[in-house]
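For reference, final36.txt (compact mmCIF, C-alpha atoms and all ligand atoms):
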# COMPACT_ATOMS: atom_id res chain seq x y z
CA MET A 1 177.52 72.78 33.45
CA ASN A 2 174.18 73.15 31.79
CA THR A 3 171.12 73.26 33.93
CA PRO A 4 168.42 71.22 32.24
CA THR A 5 165.26 73.21 31.74
CA PRO A 6 162.47 70.86 30.76
CA LEU A 7 160.04 71.73 28.04
CA CYS A 8 156.72 71.45 29.88
CA LEU A 9 153.96 70.16 27.63
CA ARG A 10 150.41 68.84 27.97
CA THR A 11 148.18 66.69 25.83
CA THR A 12 144.50 65.93 26.36
CA ALA A 13 144.02 62.81 24.22
CA PRO A 14 146.07 59.82 23.02
CA ARG A 15 146.09 61.16 19.46
CA GLU A 16 147.56 64.39 20.70
CA THR A 17 150.43 62.57 22.37
CA GLN A 18 150.96 60.76 19.09
CA ALA A 19 150.93 64.03 17.17
CA LEU A 20 153.43 65.52 19.60
CA ALA A 21 155.70 62.49 19.16
CA ALA A 22 155.32 62.79 15.39
CA ALA A 23 156.48 66.40 15.55
CA LEU A 24 159.50 65.29 17.55
CA ALA A 25 160.27 62.55 15.02
CA GLY A 26 160.97 65.29 12.48
CA LEU A 27 164.05 66.24 14.48
CA VAL A 28 165.73 62.87 14.95
CA GLY A 29 168.45 61.03 13.12
CA ASP A 30 170.56 57.91 13.31
CA GLY A 31 172.04 57.23 16.73
CA ASP A 32 169.50 59.26 18.71
CA LEU A 33 168.24 57.94 22.01
CA ILE A 34 164.94 58.81 23.68
CA VAL A 35 164.22 57.61 27.20
CA LEU A 36 160.54 57.37 28.10
CA VAL A 37 159.69 57.56 31.77
CA GLY A 38 156.26 57.24 33.35
CA ASP A 39 153.97 54.84 35.15
CA LEU A 40 152.08 52.01 33.50
CA GLY A 41 149.43 53.56 31.27
CA ALA A 42 151.12 56.95 31.12
CA GLY A 43 151.38 56.79 27.33
CA LYS A 44 154.94 55.70 26.58
CA THR A 45 153.82 53.17 23.99
CA ALA A 46 151.24 55.55 22.55
CA PHE A 47 154.04 58.09 22.17
CA THR A 48 156.19 55.55 20.35
CA GLN A 49 153.31 54.69 18.02
CA GLY A 50 152.96 58.28 16.86
CA PHE A 51 156.70 58.63 16.60
CA ALA A 52 157.18 55.51 14.47
CA ALA A 53 154.23 56.31 12.20
CA ALA A 54 155.78 59.68 11.44
CA LEU A 55 158.91 57.85 10.30
CA ASP A 56 156.78 55.78 7.90
CA VAL A 57 156.72 52.63 9.97
CA THR A 58 153.60 50.87 8.69
CA GLU A 59 153.75 47.80 10.93
CA PRO A 60 151.65 48.14 14.10
CA VAL A 61 153.81 49.17 17.04
CA THR A 62 152.99 47.05 20.06
CA SER A 63 154.29 47.04 23.60
CA PRO A 64 157.63 45.24 23.86
CA THR A 65 157.13 44.41 27.53
CA PHE A 66 157.69 40.71 26.94
CA THR A 67 159.96 40.81 23.91
CA LEU A 68 162.14 43.57 25.44
CA ALA A 69 163.07 44.94 22.03
CA ASN A 70 161.23 45.43 18.75
CA ARG A 71 162.82 46.72 15.58
CA TYR A 72 160.83 48.57 12.92
CA VAL A 73 162.01 49.86 9.60
CA GLY A 74 160.65 53.08 8.21
CA ARG A 75 162.57 56.07 6.88
CA LEU A 76 164.86 55.26 9.79
CA VAL A 77 165.20 52.11 11.82
CA VAL A 78 163.17 52.50 15.02
CA ASN A 79 164.28 50.38 17.97
CA HIS A 80 161.60 50.18 20.65
CA LEU A 81 162.56 48.73 24.00
CA ASP A 82 160.70 48.24 27.25
CA VAL A 83 163.00 47.39 30.11
CA TYR A 84 160.30 47.25 32.80
CA ARG A 85 161.02 43.60 33.47
CA ILE A 86 164.76 43.99 33.64
CA GLU A 87 165.85 43.23 37.16
CA ALA A 88 169.58 43.68 36.91
CA LEU A 89 171.74 46.01 34.97
CA GLU A 90 173.59 43.00 33.55
CA GLU A 91 170.47 42.08 31.60
CA ALA A 92 170.67 45.46 29.91
CA GLN A 93 174.20 44.67 28.90
CA ASP A 94 172.94 41.39 27.44
CA LEU A 95 170.63 43.36 25.18
CA ALA A 96 173.71 44.63 23.39
CA LEU A 97 172.24 48.08 23.70
CA ILE A 98 175.23 49.90 22.43
CA GLU A 99 175.17 47.98 19.16
CA LEU A 100 171.43 48.57 18.84
CA LEU A 101 171.95 52.27 19.24
CA ASP A 102 174.27 52.38 16.27
CA GLU A 103 171.47 51.95 13.80
CA GLY A 104 168.48 54.20 13.71
CA VAL A 105 166.71 55.90 16.58
CA THR A 106 166.03 54.11 19.86
CA LEU A 107 163.17 54.64 22.31
CA ILE A 108 163.40 52.94 25.69
CA GLU A 109 160.38 52.68 27.99
CA TRP A 110 161.38 52.68 31.68
CA GLY A 111 164.88 53.59 30.50
CA ASP A 112 165.59 55.39 33.77
CA VAL A 113 166.05 51.94 35.33
CA ILE A 114 169.14 51.30 33.23
CA LEU A 115 170.56 54.80 32.91
CA PRO A 116 174.10 53.72 33.88
CA ALA A 117 174.11 51.37 30.89
CA LEU A 118 173.06 54.11 28.47
CA PRO A 119 175.06 56.72 26.61
CA ALA A 120 175.14 60.16 28.19
CA ASP A 121 173.42 61.86 25.23
CA ARG A 122 169.70 61.38 25.29
CA LEU A 123 166.32 63.03 25.33
CA ASP A 124 164.32 62.37 28.47
CA VAL A 125 160.55 62.31 28.09
CA ARG A 126 158.74 62.08 31.41
CA ILE A 127 154.99 61.49 31.21
CA THR A 128 152.66 61.95 34.16
CA LEU A 129 148.90 61.80 34.50
CA GLY A 130 147.13 65.14 34.59
CA GLU A 131 143.83 66.12 36.15
CA GLY A 132 141.42 64.71 33.58
CA ASP A 133 141.51 61.03 32.59
CA ASP A 134 143.03 61.84 29.22
CA ASP A 135 145.34 64.65 30.33
CA ARG A 136 149.05 63.94 30.26
CA ASP A 137 151.90 66.21 31.25
CA LEU A 138 155.08 65.63 29.28
CA ASP A 139 158.35 67.09 30.53
CA ILE A 140 161.07 66.91 27.94
CA THR A 141 164.71 67.43 28.88
CA THR A 142 167.78 67.39 26.66
CA VAL A 143 170.83 65.64 28.08
CA GLY A 144 174.22 66.06 26.44
CA PRO A 145 175.46 68.07 23.46
CA ARG A 146 173.70 66.00 20.80
CA TRP A 147 170.29 67.04 22.09
CA ASP A 148 171.23 70.35 23.68
CA ALA A 149 172.06 71.56 20.17
CA ARG A 150 168.45 70.95 19.18
CA ALA A 151 166.80 72.55 22.23
CA ALA A 152 165.56 75.58 20.29
CA ASP A 153 164.23 73.42 17.43
CA LEU A 154 162.45 71.22 19.95
CA ALA A 155 160.83 74.22 21.60
CA ASP A 156 159.65 75.38 18.16
CA ALA A 157 158.38 72.01 16.98
CA LEU A 158 156.54 71.25 20.22
CA GLY A 159 155.46 74.76 21.15
CA GLU A 160 151.78 74.18 20.52
CA TRP A 161 151.60 71.70 23.40
CA ARG A 162 153.22 73.98 25.96
CA ARG A 163 151.43 74.15 29.30
P1 LIG B 201 152.55 52.96 28.76
O1 LIG B 201 153.31 52.45 27.56
O2 LIG B 201 153.15 54.21 29.35
O3 LIG B 201 152.32 51.92 29.81
P2 LIG B 201 150.32 53.04 26.93
O4 LIG B 201 150.74 53.96 25.85
O5 LIG B 201 150.38 51.59 26.66
O6 LIG B 201 151.11 53.42 28.28
O7 LIG B 201 148.85 53.37 27.36
C1 LIG B 201 148.39 54.67 27.56
C2 LIG B 201 146.90 54.60 27.79
O8 LIG B 201 146.41 55.87 28.17
C3 LIG B 201 146.19 54.21 26.51
O9 LIG B 201 145.08 53.40 26.84
C4 LIG B 201 145.72 55.55 25.97
O10 LIG B 201 144.56 55.44 25.17
C5 LIG B 201 145.42 56.29 27.25
N1 LIG B 201 145.51 57.76 27.15
C6 LIG B 201 144.56 58.61 27.53
N2 LIG B 201 144.90 59.87 27.33
C7 LIG B 201 146.16 59.84 26.79
C8 LIG B 201 147.06 60.85 26.37
N3 LIG B 201 146.78 62.17 26.47
N4 LIG B 201 148.25 60.45 25.87
C9 LIG B 201 148.56 59.14 25.78
N5 LIG B 201 147.75 58.14 26.18
C10 LIG B 201 146.55 58.47 26.68
MG MG B 202 154.31 50.64 27.24
Could you express the structure from this file as structure tokens?
Amino acid sequence: MNTPTPLCLRTTAPRETQALAAALAGLVGDGDLIVLVGDLGAGKTAFTQGFAAALDVTEPVTSPTFTLANRYVGRLVVNHLDVYRIEALEEAQDLALIELLDEGVTLIEWGDVILPALPADRLDVRITLGEGDDDRDLDITTVGPRWDARAADLADALGEWRR
């Protein structure tokens, strides 16, 4: 059993969260899953914007709250989901998530709601509000061998935001 030890990070502006996400994007490949957890306004979409831009997505990344899933094509395909409005796990199954995950990298806002429908390997990014209005604490946890193998690289790439 591995005990997850989160990487505890902090940003103090939206652009910093985007820069952090961009640094993370350098470590991803096809089939990777990132679950974004945090209240409304925490910065899950902002994170995805920085992430997608780093993968050369030029289209504006907008919140998929109503569309559920957006697909962008950059150096990799970036699937961006927001499952906030999903009320039953069956709806997640309807999204054909598993097929989506085959191509490119997938980020799911509020993904904790549908964890049982998701593959075991994932990176959890939990964002909480800090003391100042623009402070955000990001706790990043690897789950499963796919991401565990990159734990040291993650710590290196994201070290400058450590809190
Ligand atoms: P979510 O998708 O989690 O609901 P959004 O990314 O849509 O959140 O919104 C985050 C809001 O918080 C934006 O208005 C953004 O400008 C603001 N913000 C302030 N500070 C930060 C920060 N450090 N990181 C990310 N967003 C921040
Ligand atoms: Mg959002």
- Task: Check the smallest atom-to-atom distance from each of A:His80, A:Arg10, A:Arg122, A:Arg146 to ligand LIG 201 (chain B) using only C-alpha atoms and all ligand atoms, then report the winner.
- Result: A:Arg10
Can you list every residue of chain A that has an atom at most 7 Å from ligand MG 202 (chain B), with its nearest atom pair and the distance in Å to one decimal, using all atoms listed in the file, ordered by chain then number, as CSV?
residue,atom,partner,partner_atom,distance
A:Leu40,CA,B:MG202,MG,6.8
A:Gly41,CA,B:MG202,MG,7.0
A:Gly43,CA,B:MG202,MG,6.8
A:Lys44,CA,B:MG202,MG,5.1
A:Thr45,CA,B:MG202,MG,4.1
A:Ser63,CA,B:MG202,MG,5.1
A:Thr65,CA,B:MG202,MG,6.8
A:Asp82,CA,B:MG202,MG,6.8
A:Glu109,CA,B:MG202,MG,6.4
Which chains and residue numbers are within 8 Å of ligand LIG 201 (chain B), counting all atoms listed in the file, if I want them as a PDB file with C-alpha atoms, in the coordinates of the input?
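The file below, part00.pdb, is the result:
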ATOM      1  CA  ARG A  10     150.410  68.840  27.970  1.00  0.00           C
ATOM      2  CA  THR A  11     148.180  66.690  25.830  1.00  0.00           C
ATOM      3  CA  THR A  12     144.500  65.930  26.360  1.00  0.00           C
ATOM      4  CA  ALA A  13     144.020  62.810  24.220  1.00  0.00           C
ATOM      5  CA  PRO A  14     146.070  59.820  23.020  1.00  0.00           C
ATOM      6  CA  ARG A  15     146.090  61.160  19.460  1.00  0.00           C
ATOM      7  CA  GLU A  16     147.560  64.390  20.700  1.00  0.00           C
ATOM      8  CA  THR A  17     150.430  62.570  22.370  1.00  0.00           C
ATOM      9  CA  GLN A  18     150.960  60.760  19.090  1.00  0.00           C
ATOM     10  CA  VAL A  37     159.690  57.560  31.770  1.00  0.00           C
ATOM     11  CA  GLY A  38     156.260  57.240  33.350  1.00  0.00           C
ATOM     12  CA  ASP A  39     153.970  54.840  35.150  1.00  0.00           C
ATOM     13  CA  LEU A  40     152.080  52.010  33.500  1.00  0.00           C
ATOM     14  CA  GLY A  41     149.430  53.560  31.270  1.00  0.00           C
ATOM     15  CA  ALA A  42     151.120  56.950  31.120  1.00  0.00           C
ATOM     16  CA  GLY A  43     151.380  56.790  27.330  1.00  0.00           C
ATOM     17  CA  LYS A  44     154.940  55.700  26.580  1.00  0.00           C
ATOM     18  CA  THR A  45     153.820  53.170  23.990  1.00  0.00           C
ATOM     19  CA  ALA A  46     151.240  55.550  22.550  1.00  0.00           C
ATOM     20  CA  PHE A  47     154.040  58.090  22.170  1.00  0.00           C
ATOM     21  CA  THR A  48     156.190  55.550  20.350  1.00  0.00           C
ATOM     22  CA  SER A  63     154.290  47.040  23.600  1.00  0.00           C
ATOM     23  CA  GLU A 109     160.380  52.680  27.990  1.00  0.00           C
ATOM     24  CA  ILE A 127     154.990  61.490  31.210  1.00  0.00           C
ATOM     25  CA  ASP A 133     141.510  61.030  32.590  1.00  0.00           C
ATOM     26  CA  ASP A 134     143.030  61.840  29.220  1.00  0.00           C
ATOM     27  CA  ASP A 135     145.340  64.650  30.330  1.00  0.00           C
ATOM     28  CA  ARG A 136     149.050  63.940  30.260  1.00  0.00           C
TER      29      ARG A 136
END
- Task: Might you pull out every residue within 8 Å of Glu103 (chain A), with all atoms listed in the file counted and same-chain residues fewer than 6 positions away left off, and present them as number ranges by chain?
- Result: A: 30-31, 77
- Skip Ile86 (chain A) itself and residues of its chain fewer than 6 positions away, then list as a list in words all residues within 12 Å of it, counting only C-alpha atoms.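 The filter keeps Thr65, Phe66, Thr67, Leu68, Ala69, Ala92, Gln93, Asp94, Leu95, Glu109, Trp110, Gly111, Asp112, Val113 and Ile114 of chain A.
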- All residues 12 Å or closer to Ala120 (chain A), all atoms listed in the file, same chain fewer than 5 positions away omitted, as a list in words: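 Contacts, in chain order: Asp32, Leu33, Ile34, Val35, Ile98, Ile114, Leu115, Thr142, Val143, Gly144, Pro145, Arg146, Trp147 and Asp148 of chain A.
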Would you save the residues of that selection, restricted to C-alpha atoms, as a compact mmCIF listing (two decimals), in the frame of the given file?
# COMPACT_ATOMS: atom_id res chain seq x y z
CA ASP A 32 169.50 59.26 18.71
CA LEU A 33 168.24 57.94 22.01
CA ILE A 34 164.94 58.81 23.68
CA VAL A 35 164.22 57.61 27.20
CA ILE A 98 175.23 49.90 22.43
CA ILE A 114 169.14 51.30 33.23
CA LEU A 115 170.56 54.80 32.91
CA THR A 142 167.78 67.39 26.66
CA VAL A 143 170.83 65.64 28.08
CA GLY A 144 174.22 66.06 26.44
CA PRO A 145 175.46 68.07 23.46
CA ARG A 146 173.70 66.00 20.80
CA TRP A 147 170.29 67.04 22.09
CA ASP A 148 171.23 70.35 23.68
- Task: Quote the spacing between CA of Asn79 (chain A) and CA of Leu123 (chain A) in Å to one decimal place.
- Result: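 Computing it gives 14.8 Å between the two atoms.
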- Counting all atoms listed in the file, the residue among A:Leu101, A:Ala52, A:Leu9, A:Leu36 that lies closest to Val83 (chain A) is A:Leu36
- Query: If you measure from CA of Val73 (chain A) to CA of Ala54 (chain A), what distance in Å do you get, rounded to one decimal?
  - Reply: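 If I compute the distance from CA of Val73 (chain A) to CA of Ala54 (chain A), I get 11.8 Å.
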- Query: When you draw a straight line from CA of Asp121 (chain A) to CA of Ala22 (chain A), how long is it in Å?
  - Reply: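 Rounded to one decimal, the two atoms are 20.6 Å apart.
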- Using all atoms listed in the file, determine which residues lie at most 7 Å from Gly74 (chain A), disregarding the query and same-chain residues fewer than 5 positions distant; provide the list as a PyMOL selection string. chain A and resi 55-57
Same residues, C-alpha atoms, output as an mmCIF file, keeping the file's coordinate frame:
data_model
loop_
_atom_site.group_PDB
_atom_site.id
_atom_site.type_symbol
_atom_site.label_atom_id
_atom_site.label_comp_id
_atom_site.auth_asym_id
_atom_site.auth_seq_id
_atom_site.Cartn_x
_atom_site.Cartn_y
_atom_site.Cartn_z
ATOM 1 C CA LEU A 55 158.910 57.850 10.300
ATOM 2 C CA ASP A 56 156.780 55.780 7.900
ATOM 3 C CA VAL A 57 156.720 52.630 9.970
#
- Closest of A:Leu100, A:Ala88, A:Leu118, A:Gly26 to Arg75 (chain A) - atom-to-atom distances counting only C-alpha atoms: A:Gly26
- Query: Quick one: of A:Leu24, A:Ala151, A:Leu138, A:Val78, who's nearest to Glu59 (chain A), counting all atoms listed in the file?
  - Reply: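 Checking each of A:Leu24, A:Ala151, A:Leu138, A:Val78 against Glu59 (chain A), counting all atoms listed in the file, the winner is A:Val78.
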- Query: How would you write as JSON, numbers by chain the residues that get within 8 Å of (156.1, 70.2, 28.7) in the file's frame, counting all atoms listed in the file?
  - Reply: {"A": [6, 7, 8, 9, 10, 137, 138, 139, 140, 161, 162, 163]}
